[in-house]
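Raw contents of entry-v4.cif, mmCIF, N, CA and C atoms:
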data_entry
#
loop_
_atom_site.label_atom_id
_atom_site.label_comp_id
_atom_site.auth_asym_id
_atom_site.auth_seq_id
_atom_site.Cartn_x
_atom_site.Cartn_y
_atom_site.Cartn_z
N PRO A 1 130.39 101.55 -105.19
CA PRO A 1 130.40 101.56 -106.64
C PRO A 1 129.39 102.56 -107.18
N ASP A 2 129.73 103.15 -108.29
CA ASP A 2 128.85 104.13 -108.90
C ASP A 2 128.25 103.53 -110.16
N HIS A 3 126.96 103.31 -110.18
CA HIS A 3 126.28 102.67 -111.29
C HIS A 3 125.21 103.60 -111.84
N PRO A 4 124.83 103.42 -113.09
CA PRO A 4 123.82 104.29 -113.70
C PRO A 4 122.50 104.32 -112.94
N PHE A 5 122.13 103.23 -112.26
CA PHE A 5 120.84 103.25 -111.59
C PHE A 5 120.87 104.00 -110.27
N PHE A 6 122.03 104.60 -109.93
CA PHE A 6 122.10 105.45 -108.75
C PHE A 6 121.79 106.91 -109.11
N SER A 7 121.18 107.13 -110.24
CA SER A 7 120.89 108.48 -110.71
C SER A 7 120.04 109.26 -109.70
N PRO A 8 120.46 110.49 -109.35
CA PRO A 8 119.64 111.29 -108.43
C PRO A 8 118.28 111.64 -109.03
N ILE A 9 118.17 111.62 -110.34
CA ILE A 9 116.87 111.88 -110.97
C ILE A 9 115.91 110.74 -110.63
N PHE A 10 116.40 109.50 -110.68
CA PHE A 10 115.56 108.34 -110.39
C PHE A 10 115.11 108.34 -108.93
N PHE A 11 116.01 108.70 -108.03
CA PHE A 11 115.72 108.61 -106.60
C PHE A 11 115.22 109.90 -105.98
N GLY A 12 115.33 111.01 -106.67
CA GLY A 12 114.90 112.27 -106.09
C GLY A 12 115.78 112.66 -104.91
N THR A 13 115.18 113.21 -103.87
CA THR A 13 115.95 113.74 -102.75
C THR A 13 116.55 112.65 -101.87
N SER A 14 116.14 111.42 -102.04
CA SER A 14 116.63 110.32 -101.20
C SER A 14 117.87 109.66 -101.76
N PHE A 15 118.50 110.28 -102.73
CA PHE A 15 119.62 109.69 -103.47
C PHE A 15 120.70 109.10 -102.57
N MET A 16 121.24 109.85 -101.65
CA MET A 16 122.39 109.38 -100.89
C MET A 16 122.05 108.18 -100.00
N SER A 17 120.94 108.20 -99.33
CA SER A 17 120.58 107.08 -98.47
C SER A 17 120.33 105.81 -99.28
N LEU A 18 119.64 105.94 -100.39
CA LEU A 18 119.38 104.77 -101.23
C LEU A 18 120.66 104.27 -101.87
N LYS A 19 121.52 105.17 -102.25
CA LYS A 19 122.81 104.76 -102.82
C LYS A 19 123.58 103.92 -101.79
N ARG A 20 123.57 104.35 -100.53
CA ARG A 20 124.25 103.60 -99.48
C ARG A 20 123.63 102.22 -99.32
N ILE A 21 122.31 102.14 -99.27
CA ILE A 21 121.62 100.86 -99.10
C ILE A 21 121.96 99.91 -100.25
N LEU A 22 121.90 100.41 -101.48
CA LEU A 22 122.18 99.56 -102.64
C LEU A 22 123.66 99.20 -102.73
N SER A 23 124.54 100.11 -102.39
CA SER A 23 125.98 99.81 -102.41
C SER A 23 126.33 98.75 -101.38
N GLU A 24 125.77 98.88 -100.18
CA GLU A 24 126.02 97.88 -99.14
C GLU A 24 125.43 96.53 -99.53
N THR A 25 124.27 96.54 -100.16
CA THR A 25 123.67 95.29 -100.63
C THR A 25 124.58 94.63 -101.65
N GLU A 26 125.10 95.41 -102.59
CA GLU A 26 126.01 94.87 -103.60
C GLU A 26 127.25 94.27 -102.97
N THR A 27 127.83 94.96 -102.00
CA THR A 27 129.03 94.47 -101.32
C THR A 27 128.76 93.16 -100.60
N LEU A 28 127.69 93.11 -99.82
CA LEU A 28 127.35 91.89 -99.07
C LEU A 28 127.00 90.74 -100.00
N LEU A 29 126.32 91.03 -101.09
CA LEU A 29 125.99 89.99 -102.07
C LEU A 29 127.27 89.44 -102.70
N GLY A 30 128.21 90.32 -103.01
CA GLY A 30 129.50 89.88 -103.56
C GLY A 30 130.24 88.97 -102.61
N MET A 31 130.24 89.32 -101.33
CA MET A 31 130.90 88.48 -100.32
C MET A 31 130.22 87.12 -100.22
N LEU A 32 128.89 87.11 -100.21
CA LEU A 32 128.13 85.86 -100.15
C LEU A 32 128.44 84.98 -101.35
N PHE A 33 128.39 85.55 -102.55
CA PHE A 33 128.64 84.78 -103.76
C PHE A 33 130.07 84.26 -103.81
N SER A 34 131.01 85.03 -103.32
CA SER A 34 132.41 84.59 -103.29
C SER A 34 132.57 83.40 -102.34
N GLN A 35 131.99 83.50 -101.16
CA GLN A 35 132.08 82.41 -100.17
C GLN A 35 131.41 81.14 -100.67
N ALA A 36 130.35 81.28 -101.44
CA ALA A 36 129.60 80.11 -101.91
C ALA A 36 130.05 79.64 -103.28
N SER A 37 131.08 80.27 -103.84
CA SER A 37 131.59 79.92 -105.17
C SER A 37 130.48 79.91 -106.23
N VAL A 38 129.66 80.96 -106.21
CA VAL A 38 128.57 81.09 -107.17
C VAL A 38 129.16 81.36 -108.55
N ASP A 39 128.64 80.69 -109.58
CA ASP A 39 129.19 80.83 -110.93
C ASP A 39 128.90 82.20 -111.52
N SER A 40 129.61 82.53 -112.59
CA SER A 40 129.51 83.86 -113.19
C SER A 40 128.13 84.16 -113.77
N GLY A 41 127.36 83.14 -114.09
CA GLY A 41 126.01 83.36 -114.60
C GLY A 41 125.07 83.91 -113.55
N HIS A 42 125.45 83.78 -112.29
CA HIS A 42 124.65 84.28 -111.18
C HIS A 42 125.46 85.25 -110.33
N SER A 43 126.36 85.97 -110.95
CA SER A 43 127.28 86.86 -110.25
C SER A 43 126.62 88.18 -109.85
N VAL A 44 127.39 89.00 -109.15
CA VAL A 44 126.94 90.35 -108.82
C VAL A 44 126.71 91.13 -110.11
N GLY A 45 127.55 90.90 -111.11
CA GLY A 45 127.35 91.56 -112.40
C GLY A 45 125.98 91.25 -112.99
N HIS A 46 125.57 90.00 -112.88
CA HIS A 46 124.23 89.61 -113.35
C HIS A 46 123.15 90.32 -112.53
N ALA A 47 123.34 90.37 -111.21
CA ALA A 47 122.36 91.05 -110.34
C ALA A 47 122.24 92.53 -110.71
N LEU A 48 123.36 93.16 -111.02
CA LEU A 48 123.33 94.57 -111.42
C LEU A 48 122.64 94.76 -112.76
N CYS A 49 122.85 93.81 -113.67
CA CYS A 49 122.17 93.86 -114.97
C CYS A 49 120.66 93.76 -114.79
N VAL A 50 120.21 92.84 -113.96
CA VAL A 50 118.78 92.70 -113.68
C VAL A 50 118.24 93.98 -113.04
N THR A 51 119.02 94.56 -112.14
CA THR A 51 118.61 95.80 -111.48
C THR A 51 118.46 96.93 -112.50
N ARG A 52 119.38 97.01 -113.45
CA ARG A 52 119.26 98.03 -114.50
C ARG A 52 117.97 97.84 -115.31
N HIS A 53 117.61 96.59 -115.58
CA HIS A 53 116.35 96.33 -116.29
C HIS A 53 115.15 96.83 -115.49
N VAL A 54 115.20 96.63 -114.18
CA VAL A 54 114.11 97.11 -113.33
C VAL A 54 114.03 98.63 -113.37
N VAL A 55 115.18 99.30 -113.30
CA VAL A 55 115.19 100.76 -113.38
C VAL A 55 114.57 101.22 -114.70
N ASN A 56 114.96 100.57 -115.79
CA ASN A 56 114.40 100.93 -117.10
C ASN A 56 112.89 100.70 -117.15
N ALA A 57 112.43 99.61 -116.55
CA ALA A 57 110.99 99.33 -116.53
C ALA A 57 110.24 100.38 -115.70
N ILE A 58 110.80 100.75 -114.56
CA ILE A 58 110.17 101.78 -113.73
C ILE A 58 110.12 103.10 -114.48
N ASP A 59 111.23 103.46 -115.10
CA ASP A 59 111.27 104.71 -115.88
C ASP A 59 110.25 104.69 -117.01
N ALA A 60 110.15 103.57 -117.71
CA ALA A 60 109.24 103.46 -118.85
C ALA A 60 107.78 103.50 -118.42
N SER A 61 107.50 103.06 -117.21
CA SER A 61 106.11 103.02 -116.74
C SER A 61 105.54 104.41 -116.52
N GLN A 62 106.38 105.38 -116.30
CA GLN A 62 105.98 106.76 -116.05
C GLN A 62 105.04 106.88 -114.86
N ASP A 63 105.04 105.90 -113.98
CA ASP A 63 104.27 105.98 -112.74
C ASP A 63 105.17 106.56 -111.66
N ASP A 64 104.59 107.30 -110.77
CA ASP A 64 105.34 107.86 -109.65
C ASP A 64 105.24 106.88 -108.48
N LEU A 65 106.05 105.83 -108.54
CA LEU A 65 106.02 104.81 -107.49
C LEU A 65 106.53 105.38 -106.18
N PRO A 66 105.89 105.03 -105.08
CA PRO A 66 106.39 105.47 -103.78
C PRO A 66 107.81 104.95 -103.54
N LEU A 67 108.54 105.67 -102.72
CA LEU A 67 109.93 105.35 -102.44
C LEU A 67 110.11 103.92 -101.95
N ASP A 68 109.24 103.44 -101.05
CA ASP A 68 109.40 102.08 -100.53
C ASP A 68 109.20 101.04 -101.63
N ASN A 69 108.33 101.30 -102.59
CA ASN A 69 108.14 100.36 -103.70
C ASN A 69 109.35 100.33 -104.62
N ARG A 70 109.90 101.52 -104.93
CA ARG A 70 111.11 101.56 -105.76
C ARG A 70 112.25 100.82 -105.08
N LEU A 71 112.44 101.08 -103.79
CA LEU A 71 113.51 100.42 -103.05
C LEU A 71 113.29 98.92 -103.04
N SER A 72 112.08 98.47 -102.78
CA SER A 72 111.78 97.03 -102.73
C SER A 72 112.06 96.36 -104.07
N LEU A 73 111.65 96.99 -105.16
CA LEU A 73 111.90 96.43 -106.49
C LEU A 73 113.39 96.30 -106.77
N LEU A 74 114.15 97.33 -106.44
CA LEU A 74 115.59 97.28 -106.70
C LEU A 74 116.29 96.25 -105.83
N LEU A 75 115.90 96.17 -104.56
CA LEU A 75 116.51 95.17 -103.68
C LEU A 75 116.15 93.75 -104.13
N ALA A 76 114.93 93.54 -104.56
CA ALA A 76 114.53 92.22 -105.06
C ALA A 76 115.34 91.85 -106.30
N ALA A 77 115.55 92.81 -107.18
CA ALA A 77 116.36 92.55 -108.37
C ALA A 77 117.79 92.17 -107.99
N MET A 78 118.35 92.90 -107.03
CA MET A 78 119.72 92.61 -106.63
C MET A 78 119.84 91.27 -105.92
N LEU A 79 118.84 90.91 -105.14
CA LEU A 79 118.94 89.73 -104.28
C LEU A 79 118.24 88.49 -104.85
N HIS A 80 117.79 88.54 -106.09
CA HIS A 80 116.97 87.44 -106.61
C HIS A 80 117.69 86.09 -106.64
N ASP A 81 119.02 86.07 -106.66
CA ASP A 81 119.77 84.81 -106.64
C ASP A 81 120.46 84.54 -105.30
N ALA A 82 120.21 85.37 -104.29
CA ALA A 82 120.91 85.24 -103.01
C ALA A 82 120.61 83.92 -102.30
N ASP A 83 119.49 83.32 -102.60
CA ASP A 83 119.14 82.03 -102.00
C ASP A 83 118.81 80.99 -103.07
N ASP A 84 119.41 81.15 -104.25
CA ASP A 84 119.16 80.23 -105.36
C ASP A 84 119.41 78.79 -104.92
N HIS A 85 118.45 77.93 -105.19
CA HIS A 85 118.51 76.53 -104.72
C HIS A 85 119.72 75.78 -105.28
N LYS A 86 120.28 76.23 -106.40
CA LYS A 86 121.46 75.55 -106.96
C LYS A 86 122.69 75.74 -106.08
N PHE A 87 122.74 76.85 -105.36
CA PHE A 87 123.90 77.16 -104.52
C PHE A 87 123.58 77.05 -103.03
N PHE A 88 122.32 77.17 -102.69
CA PHE A 88 121.89 77.13 -101.29
C PHE A 88 120.69 76.19 -101.18
N PRO A 89 120.92 74.87 -101.37
CA PRO A 89 119.80 73.92 -101.47
C PRO A 89 118.96 73.81 -100.20
N ASN A 90 119.49 74.18 -99.06
CA ASN A 90 118.74 74.05 -97.81
C ASN A 90 117.99 75.33 -97.43
N HIS A 91 118.09 76.35 -98.25
CA HIS A 91 117.43 77.61 -97.94
C HIS A 91 116.00 77.59 -98.48
N THR A 92 115.06 77.75 -97.58
CA THR A 92 113.65 77.75 -97.97
C THR A 92 112.93 79.02 -97.53
N ALA A 93 113.61 79.87 -96.76
CA ALA A 93 112.95 81.06 -96.21
C ALA A 93 113.76 82.33 -96.47
N HIS A 94 114.45 82.35 -97.61
CA HIS A 94 115.21 83.55 -97.99
C HIS A 94 116.24 83.95 -96.93
N GLU A 95 116.91 82.96 -96.36
CA GLU A 95 117.83 83.23 -95.27
C GLU A 95 118.89 84.27 -95.62
N ASN A 96 119.54 84.13 -96.77
CA ASN A 96 120.59 85.08 -97.16
C ASN A 96 120.01 86.47 -97.44
N SER A 97 118.91 86.51 -98.16
CA SER A 97 118.29 87.80 -98.49
C SER A 97 117.87 88.53 -97.22
N VAL A 98 117.23 87.83 -96.31
CA VAL A 98 116.77 88.44 -95.06
C VAL A 98 117.96 88.93 -94.23
N GLU A 99 119.03 88.15 -94.20
CA GLU A 99 120.22 88.57 -93.45
C GLU A 99 120.82 89.84 -94.06
N ILE A 100 120.96 89.86 -95.37
CA ILE A 100 121.51 91.05 -96.04
C ILE A 100 120.60 92.25 -95.81
N LEU A 101 119.31 92.07 -95.96
CA LEU A 101 118.37 93.17 -95.75
C LEU A 101 118.44 93.69 -94.32
N GLY A 102 118.59 92.78 -93.36
CA GLY A 102 118.73 93.20 -91.97
C GLY A 102 119.95 94.06 -91.75
N LYS A 103 121.04 93.72 -92.43
CA LYS A 103 122.27 94.50 -92.29
C LYS A 103 122.17 95.87 -92.95
N VAL A 104 121.57 95.93 -94.12
CA VAL A 104 121.54 97.21 -94.84
C VAL A 104 120.40 98.12 -94.38
N LEU A 105 119.31 97.54 -93.90
CA LEU A 105 118.18 98.36 -93.44
C LEU A 105 118.23 98.63 -91.95
N GLY A 106 118.98 97.83 -91.22
CA GLY A 106 119.06 97.99 -89.78
C GLY A 106 118.00 97.18 -89.07
N ASP A 107 118.07 97.19 -87.75
CA ASP A 107 117.16 96.34 -86.97
C ASP A 107 116.02 97.13 -86.33
N GLN A 108 115.81 98.35 -86.79
CA GLN A 108 114.71 99.16 -86.27
C GLN A 108 113.43 98.86 -87.06
N ALA A 109 112.30 99.28 -86.51
CA ALA A 109 111.01 99.06 -87.18
C ALA A 109 110.90 99.87 -88.47
N THR A 110 111.60 101.01 -88.49
CA THR A 110 111.60 101.83 -89.70
C THR A 110 113.03 102.20 -90.06
N VAL A 111 113.25 102.46 -91.34
CA VAL A 111 114.52 102.98 -91.82
C VAL A 111 114.22 104.38 -92.35
N ASP A 112 115.01 105.35 -91.90
CA ASP A 112 114.80 106.73 -92.30
C ASP A 112 115.60 107.01 -93.56
N VAL A 113 114.91 107.24 -94.66
CA VAL A 113 115.57 107.56 -95.92
C VAL A 113 115.34 109.04 -96.18
N ASP A 114 116.33 109.83 -95.79
CA ASP A 114 116.27 111.29 -95.94
C ASP A 114 114.94 111.89 -95.47
N GLY A 115 114.59 111.54 -94.25
CA GLY A 115 113.39 112.12 -93.67
C GLY A 115 112.10 111.36 -93.94
N THR A 116 112.17 110.32 -94.74
CA THR A 116 110.98 109.51 -95.03
C THR A 116 111.11 108.18 -94.29
N PRO A 117 110.30 107.95 -93.25
CA PRO A 117 110.38 106.67 -92.54
C PRO A 117 109.72 105.56 -93.36
N LEU A 118 110.47 104.50 -93.61
CA LEU A 118 109.95 103.36 -94.37
C LEU A 118 109.87 102.16 -93.44
N ASP A 119 108.79 101.41 -93.52
CA ASP A 119 108.57 100.24 -92.68
C ASP A 119 109.50 99.11 -93.11
N THR A 120 110.46 98.79 -92.26
CA THR A 120 111.48 97.79 -92.58
C THR A 120 110.87 96.42 -92.85
N SER A 121 109.97 95.97 -91.99
CA SER A 121 109.40 94.63 -92.18
C SER A 121 108.57 94.56 -93.46
N SER A 122 107.92 95.64 -93.82
CA SER A 122 107.16 95.67 -95.07
C SER A 122 108.09 95.56 -96.28
N ILE A 123 109.23 96.24 -96.22
CA ILE A 123 110.19 96.15 -97.32
C ILE A 123 110.71 94.72 -97.44
N VAL A 124 111.08 94.11 -96.33
CA VAL A 124 111.60 92.73 -96.36
C VAL A 124 110.53 91.79 -96.91
N ARG A 125 109.31 91.93 -96.45
CA ARG A 125 108.20 91.08 -96.92
C ARG A 125 107.96 91.28 -98.42
N THR A 126 107.98 92.52 -98.87
CA THR A 126 107.77 92.80 -100.30
C THR A 126 108.89 92.24 -101.14
N VAL A 127 110.13 92.42 -100.70
CA VAL A 127 111.29 91.91 -101.44
C VAL A 127 111.20 90.39 -101.57
N THR A 128 110.95 89.69 -100.49
CA THR A 128 110.90 88.22 -100.55
C THR A 128 109.70 87.73 -101.37
N THR A 129 108.60 88.45 -101.34
CA THR A 129 107.44 88.09 -102.17
C THR A 129 107.77 88.25 -103.65
N ILE A 130 108.42 89.35 -104.00
CA ILE A 130 108.81 89.57 -105.40
C ILE A 130 109.75 88.46 -105.85
N ILE A 131 110.74 88.13 -105.02
CA ILE A 131 111.69 87.07 -105.37
C ILE A 131 110.96 85.75 -105.59
N ASP A 132 110.01 85.43 -104.72
CA ASP A 132 109.23 84.19 -104.88
C ASP A 132 108.50 84.16 -106.22
N ARG A 133 108.01 85.28 -106.64
CA ARG A 133 107.20 85.33 -107.86
C ARG A 133 108.01 85.34 -109.14
N VAL A 134 109.28 85.75 -109.07
CA VAL A 134 110.06 85.85 -110.31
C VAL A 134 111.19 84.83 -110.41
N SER A 135 111.53 84.17 -109.32
CA SER A 135 112.65 83.22 -109.36
C SER A 135 112.15 81.79 -109.46
N ALA A 136 112.93 80.99 -110.17
CA ALA A 136 112.58 79.57 -110.33
C ALA A 136 113.11 78.75 -109.19
#
When written as structure tokens, how does the structure in this file appear?
Amino acid sequence: PDHPFFSPIFFGTSFMSLKRILSETETLLGMLFSQASVDSGHSVGHALCVTRHVVNAIDASQDDLPLDNRLSLLLAAMLHDADDHKFFPNHTAHENSVEILGKVLGDQATVDVDGTPLDTSSIVRTVTTIIDRVSA
């Protein structure tokens, strides 16, 4: 899918790799929500809306956030309902989020985003920490 937050201006030279990561995350999240009969208030559309808000906040901050921080913020926005207790009452350790992140980032210690090696475990840890802090 092509969404406004996939802007090459926002991502710089890492556009294609990040677009792939976010597109795969969206696809896997959609499959998860479909299987779990998640209501429309917590749909992929909602996740994309939250992600757009994060992009706007990052743009407005005028800070040059490192690539791993931008990626972590966007993934946390997309996955913030992936383990919502209303639909996944037995999930206490971000099981769905971690599984999706493992699939889109791979099982290596680092993920290469257009020549920039990013620490996979650090991204997963940051994403789940953000989700803990913003989700009820």
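Assigned to strand (DSSP E or B) in chain A, given DSSP computed from backbone atoms, are Thr110, Val111, Asp112, Val113, Thr116, Pro117, Leu118 and Asp119 of chain A.
With distances restricted to all atoms listed in the file, A:Ala47 is the closest residue to Asp81 of chain A from A:Ala47, A:Ala57, A:Ala109, A:Ile100.
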List, as a compact mmCIF listing (two decimals) with N, CA and C atoms, in the coordinates of the input, every residue that the PyMOL selection byres ((chain A and resi 124-135) around 8) selects in the file provided.
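Result file is expr33.txt:
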# COMPACT_ATOMS: atom_id res chain seq x y z
N LEU A 71 112.44 101.08 -103.79
CA LEU A 71 113.51 100.42 -103.05
C LEU A 71 113.29 98.92 -103.04
N SER A 72 112.08 98.47 -102.78
CA SER A 72 111.78 97.03 -102.73
C SER A 72 112.06 96.36 -104.07
N LEU A 73 111.65 96.99 -105.16
CA LEU A 73 111.90 96.43 -106.49
C LEU A 73 113.39 96.30 -106.77
N LEU A 74 114.15 97.33 -106.44
CA LEU A 74 115.59 97.28 -106.70
C LEU A 74 116.29 96.25 -105.83
N LEU A 75 115.90 96.17 -104.56
CA LEU A 75 116.51 95.17 -103.68
C LEU A 75 116.15 93.75 -104.13
N ALA A 76 114.93 93.54 -104.56
CA ALA A 76 114.53 92.22 -105.06
C ALA A 76 115.34 91.85 -106.30
N ALA A 77 115.55 92.81 -107.18
CA ALA A 77 116.36 92.55 -108.37
C ALA A 77 117.79 92.17 -107.99
N LEU A 79 118.84 90.91 -105.14
CA LEU A 79 118.94 89.73 -104.28
C LEU A 79 118.24 88.49 -104.85
N HIS A 80 117.79 88.54 -106.09
CA HIS A 80 116.97 87.44 -106.61
C HIS A 80 117.69 86.09 -106.64
N ASP A 81 119.02 86.07 -106.66
CA ASP A 81 119.77 84.81 -106.64
C ASP A 81 120.46 84.54 -105.30
N ALA A 93 113.61 79.87 -96.76
CA ALA A 93 112.95 81.06 -96.21
C ALA A 93 113.76 82.33 -96.47
N HIS A 94 114.45 82.35 -97.61
CA HIS A 94 115.21 83.55 -97.99
C HIS A 94 116.24 83.95 -96.93
N SER A 97 118.91 86.51 -98.16
CA SER A 97 118.29 87.80 -98.49
C SER A 97 117.87 88.53 -97.22
N VAL A 98 117.23 87.83 -96.31
CA VAL A 98 116.77 88.44 -95.06
C VAL A 98 117.96 88.93 -94.23
N LEU A 101 119.31 92.07 -95.96
CA LEU A 101 118.37 93.17 -95.75
C LEU A 101 118.44 93.69 -94.32
N GLY A 102 118.59 92.78 -93.36
CA GLY A 102 118.73 93.20 -91.97
C GLY A 102 119.95 94.06 -91.75
N ASP A 119 108.79 101.41 -93.52
CA ASP A 119 108.57 100.24 -92.68
C ASP A 119 109.50 99.11 -93.11
N THR A 120 110.46 98.79 -92.26
CA THR A 120 111.48 97.79 -92.58
C THR A 120 110.87 96.42 -92.85
N SER A 121 109.97 95.97 -91.99
CA SER A 121 109.40 94.63 -92.18
C SER A 121 108.57 94.56 -93.46
N SER A 122 107.92 95.64 -93.82
CA SER A 122 107.16 95.67 -95.07
C SER A 122 108.09 95.56 -96.28
N ILE A 123 109.23 96.24 -96.22
CA ILE A 123 110.19 96.15 -97.32
C ILE A 123 110.71 94.72 -97.44
N ALA A 136 112.93 80.99 -110.17
CA ALA A 136 112.58 79.57 -110.33
C ALA A 136 113.11 78.75 -109.19
Which residue, A:Ser34, A:Asn96, A:Ser17, A:Ser61, has the smallest gap to Asp83 of chain A when you use all atoms listed in the file?
A:Asn96
Please report, as a PyMOL selection string, each residue of chain A to which DSSP assigns helix (DSSP H, G or I) when run on this structure's backbone.
chain A and resi 4-6+8-35+40-42+44-61+67-79+95-105+120-134
To one decimal place in Å, what is the distance between atom N of Asp64 of chain A and atom CA of Val50 of chain A?
20.6 Å
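For the pair atom N of Asp68 of chain A and atom CA of Leu118 of chain A, the separation is 6.7 Å.
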Neighbouring residues of Gly45 of chain A were defined as those with any atom within 10 Å, considering only C-alpha atoms; residues of the same chain fewer than 5 positions away were excluded. Please report them as an NGL selection string.
:A and (26 or 30 or 40 or 50-51 or 78)
Step by step: locate segment 31-45 of chain A in the block above, keep N, CA and C atoms, then write the file as a compact mmCIF listing (two decimals), in the first residue's frame.
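Output file selection-v5.txt is given in full below:
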# COMPACT_ATOMS: atom_id res chain seq x y z
N MET A 31 -3.92 -9.23 8.80
CA MET A 31 -4.22 -10.66 8.93
C MET A 31 -4.54 -11.01 10.38
N LEU A 32 -3.76 -10.50 11.31
CA LEU A 32 -3.99 -10.75 12.74
C LEU A 32 -5.36 -10.24 13.16
N PHE A 33 -5.69 -9.00 12.80
CA PHE A 33 -6.96 -8.41 13.18
C PHE A 33 -8.13 -9.15 12.55
N SER A 34 -7.97 -9.62 11.34
CA SER A 34 -9.03 -10.38 10.67
C SER A 34 -9.27 -11.71 11.40
N GLN A 35 -8.20 -12.41 11.73
CA GLN A 35 -8.31 -13.70 12.43
C GLN A 35 -8.94 -13.54 13.81
N ALA A 36 -8.66 -12.42 14.47
CA ALA A 36 -9.15 -12.20 15.83
C ALA A 36 -10.48 -11.44 15.86
N SER A 37 -11.04 -11.14 14.69
CA SER A 37 -12.29 -10.38 14.59
C SER A 37 -12.24 -9.07 15.39
N VAL A 38 -11.15 -8.34 15.21
CA VAL A 38 -10.98 -7.06 15.89
C VAL A 38 -11.95 -6.05 15.29
N ASP A 39 -12.61 -5.27 16.15
CA ASP A 39 -13.62 -4.32 15.67
C ASP A 39 -12.99 -3.16 14.90
N SER A 40 -13.83 -2.43 14.18
CA SER A 40 -13.35 -1.36 13.31
C SER A 40 -12.69 -0.21 14.06
N GLY A 41 -13.00 -0.05 15.33
CA GLY A 41 -12.37 0.99 16.12
C GLY A 41 -10.90 0.73 16.39
N HIS A 42 -10.49 -0.51 16.19
CA HIS A 42 -9.09 -0.91 16.40
C HIS A 42 -8.54 -1.54 15.13
N SER A 43 -9.01 -1.10 13.99
CA SER A 43 -8.64 -1.69 12.71
C SER A 43 -7.27 -1.22 12.23
N VAL A 44 -6.86 -1.78 11.09
CA VAL A 44 -5.63 -1.32 10.45
C VAL A 44 -5.78 0.15 10.06
N GLY A 45 -6.97 0.54 9.64
CA GLY A 45 -7.21 1.95 9.32
C GLY A 45 -6.91 2.85 10.50
